[in-house]
Amino acid sequence: QVNFSFCNPQTKPLIGSSICNTKPCPAYWSTGEWGECSRTCGTGQKTRPIRCLRKVTYQREELVVHSLCPVVTPAQIEPCNIQACQPEWSTAAWTQCSKTCGRGLKKRSVYCRSTDPSAKPVILADSMCKLHQKP
């Protein structure tokens with residue numbers, strides 16, 4: 001190495017940077033947070049947003065069409081709260097009063113039934129419901 005005063009400043013190469021590797025980065029999937037479950041029991045669904053992004057600069061990314069992202073898409077819908085719903089007591093309508101005047105009686109049926117929102121209600125044995133809550 002020699003003292004720079006011996007060199008011709010006119011032929012000195014420029015110091016700095018040059019752009020390289022100008023190909024865009026590959027697109028990737030970005031997933032958002034899962035939302036609330038649609039049911040508290042009996043199998044509901046929760047959803048989350050997904051976006052296809054591509055890095056443009058070190059700190060900036062842009063939204064791009066889904067076809068640029070990998071073929072395998074992250075799940076947007078997922079089952080949740082798959083446990084069965086607790087059965088509950090249900091009542092039929094009261095009958096008419098047994099008398100038109102004086103002391104009469106009205107009756108109604110009380111039964112234990114399934115509460116699964118994804119299935120047709122089914123009448124169950126009374127022992128399946130909480131007996132202390134029977135109306």
# chains A, B, ... in the order shown; residues from 1 in each chain; ligands from 1
$ residues_around --residues "stretch 99-114 of chain A" --least-positions-apart "3" --cutoff "9 Å" --atoms "only C-alpha atoms" --output "MDAnalysis selection string"
chainID A and resid 85:96 117 119:129 134:135
$ select_by_dssp --residues "stretch 17-134 of chain A" --states "strand (DSSP E)" --output "PyMOL selection string"
chain A and resi 28-31+44-47+50-55+61-63+77-80+88-91+110-113+123-124
$ residues_around --residues "stretch 63-72 of chain A" --least-positions-apart "4" --cutoff "12 Å" --atoms "only C-alpha atoms" --output "PyMOL selection string"
chain A and resi 24-30+50-56+76
$ write_last_selection --atoms "N, CA, C and O atoms" --output "mmCIF file, in the first residue's frame"
data_model
loop_
_atom_site.group_PDB
_atom_site.id
_atom_site.type_symbol
_atom_site.label_atom_id
_atom_site.label_comp_id
_atom_site.auth_asym_id
_atom_site.auth_seq_id
_atom_site.Cartn_x
_atom_site.Cartn_y
_atom_site.Cartn_z
ATOM 1 N N PRO A 24 -37.531 -10.227 -7.399
ATOM 2 C CA PRO A 24 -38.382 -10.072 -6.216
ATOM 3 C C PRO A 24 -38.288 -11.306 -5.315
ATOM 4 O O PRO A 24 -38.047 -12.419 -5.781
ATOM 5 N N CYS A 25 -38.463 -11.076 -4.025
ATOM 6 C CA CYS A 25 -38.473 -12.192 -3.077
ATOM 7 C C CYS A 25 -39.734 -13.021 -3.310
ATOM 8 O O CYS A 25 -40.750 -12.498 -3.772
ATOM 9 N N PRO A 26 -39.697 -14.309 -2.977
ATOM 10 C CA PRO A 26 -40.897 -15.133 -3.161
ATOM 11 C C PRO A 26 -42.025 -14.687 -2.219
ATOM 12 O O PRO A 26 -41.761 -14.223 -1.105
ATOM 13 N N ALA A 27 -43.230 -14.842 -2.674
ATOM 14 C CA ALA A 27 -44.402 -14.494 -1.857
ATOM 15 C C ALA A 27 -44.599 -15.562 -0.786
ATOM 16 O O ALA A 27 -44.171 -16.705 -0.936
ATOM 17 N N TYR A 28 -45.238 -15.176 0.290
ATOM 18 C CA TYR A 28 -45.477 -16.102 1.407
ATOM 19 C C TYR A 28 -46.821 -15.779 2.040
ATOM 20 O O TYR A 28 -47.359 -14.677 1.891
ATOM 21 N N TRP A 29 -47.363 -16.767 2.761
ATOM 22 C CA TRP A 29 -48.647 -16.596 3.444
ATOM 23 C C TRP A 29 -48.424 -15.941 4.794
ATOM 24 O O TRP A 29 -47.515 -16.297 5.525
ATOM 25 N N SER A 30 -49.283 -15.012 5.135
ATOM 26 C CA SER A 30 -49.293 -14.376 6.452
ATOM 27 C C SER A 30 -50.670 -14.633 7.061
ATOM 28 O O SER A 30 -51.690 -14.349 6.432
ATOM 29 N N ILE A 50 -56.136 -14.701 6.043
ATOM 30 C CA ILE A 50 -54.820 -15.019 5.481
ATOM 31 C C ILE A 50 -54.558 -14.051 4.342
ATOM 32 O O ILE A 50 -55.491 -13.627 3.645
ATOM 33 N N ARG A 51 -53.295 -13.682 4.177
ATOM 34 C CA ARG A 51 -52.905 -12.764 3.103
ATOM 35 C C ARG A 51 -51.647 -13.294 2.437
ATOM 36 O O ARG A 51 -50.829 -13.951 3.076
ATOM 37 N N CYS A 52 -51.508 -12.991 1.167
ATOM 38 C CA CYS A 52 -50.304 -13.344 0.420
ATOM 39 C C CYS A 52 -49.454 -12.082 0.328
ATOM 40 O O CYS A 52 -49.900 -11.062 -0.197
ATOM 41 N N LEU A 53 -48.243 -12.153 0.878
ATOM 42 C CA LEU A 53 -47.352 -10.998 0.928
ATOM 43 C C LEU A 53 -46.027 -11.295 0.247
ATOM 44 O O LEU A 53 -45.640 -12.450 0.104
ATOM 45 N N ARG A 54 -45.347 -10.230 -0.130
ATOM 46 C CA ARG A 54 -43.994 -10.357 -0.692
ATOM 47 C C ARG A 54 -43.157 -9.216 -0.134
ATOM 48 O O ARG A 54 -43.598 -8.075 -0.105
ATOM 49 N N LYS A 55 -41.956 -9.539 0.307
ATOM 50 C CA LYS A 55 -41.041 -8.530 0.823
ATOM 51 C C LYS A 55 -40.526 -7.694 -0.346
ATOM 52 O O LYS A 55 -40.055 -8.219 -1.342
ATOM 53 N N VAL A 56 -40.635 -6.375 -0.197
ATOM 54 C CA VAL A 56 -40.179 -5.455 -1.244
ATOM 55 C C VAL A 56 -38.825 -4.879 -0.855
ATOM 56 O O VAL A 56 -37.894 -4.845 -1.652
ATOM 57 N N GLN A 76 -57.986 -21.518 7.003
ATOM 58 C CA GLN A 76 -58.721 -20.304 7.351
ATOM 59 C C GLN A 76 -59.884 -20.608 8.283
ATOM 60 O O GLN A 76 -60.390 -19.730 8.956
#
$ closest_residue --among "A:Ser18, A:Cys80, A:Gln1, A:Cys7" --to "A:Thr47" --atoms "only C-alpha atoms"
A:Cys80
$ atom_distance --atom1 "atom CA of A:Thr40" --atom2 "atom CA of A:Ile82"
8.7 Å
$ atom_distance --atom1 "atom CA of A:Glu61" --atom2 "atom CA of A:Ile19"
18.7 Å
$ atom_distance --atom1 "atom CA of A:Gly44" --atom2 "atom CA of A:Gln83"
9.7 Å
$ closest_residue --among "A:Pro49, A:Gly42, A:Pro9, A:Gly35" --to "A:Ala75" --atoms "only C-alpha atoms"
A:Pro49
$ residues_around --residues "A:Ile77" --least-positions-apart "6" --cutoff "9 Å" --atoms "only C-alpha atoms" --output "list in words"
Trp34, Gln45, Lys46, Thr47 and Arg48 of chain A
$ write_last_selection --atoms "N, CA and C atoms" --output "compact mmCIF listing (two decimals), in the first residue's frame"
# COMPACT_ATOMS: atom_id res chain seq x y z
N TRP A 34 -56.88 -16.07 15.14
CA TRP A 34 -58.15 -16.80 15.08
C TRP A 34 -59.24 -15.97 15.74
N GLN A 45 -67.12 -23.26 14.66
CA GLN A 45 -66.03 -22.93 13.74
C GLN A 45 -65.41 -21.61 14.16
N LYS A 46 -64.10 -21.52 13.92
CA LYS A 46 -63.44 -20.23 14.07
C LYS A 46 -62.68 -19.96 12.77
N THR A 47 -62.53 -18.70 12.45
CA THR A 47 -61.87 -18.32 11.20
C THR A 47 -60.74 -17.34 11.48
N ARG A 48 -59.84 -17.22 10.51
CA ARG A 48 -58.77 -16.24 10.59
C ARG A 48 -58.47 -15.72 9.19
$ select_by_dssp --residues "chain A" --states "helix (DSSP H, G or I)" --output "JSON, numbers by chain"
{"A": [4, 5, 6, 9, 10, 11, 66, 67, 68, 126, 127, 128, 131, 132, 133]}
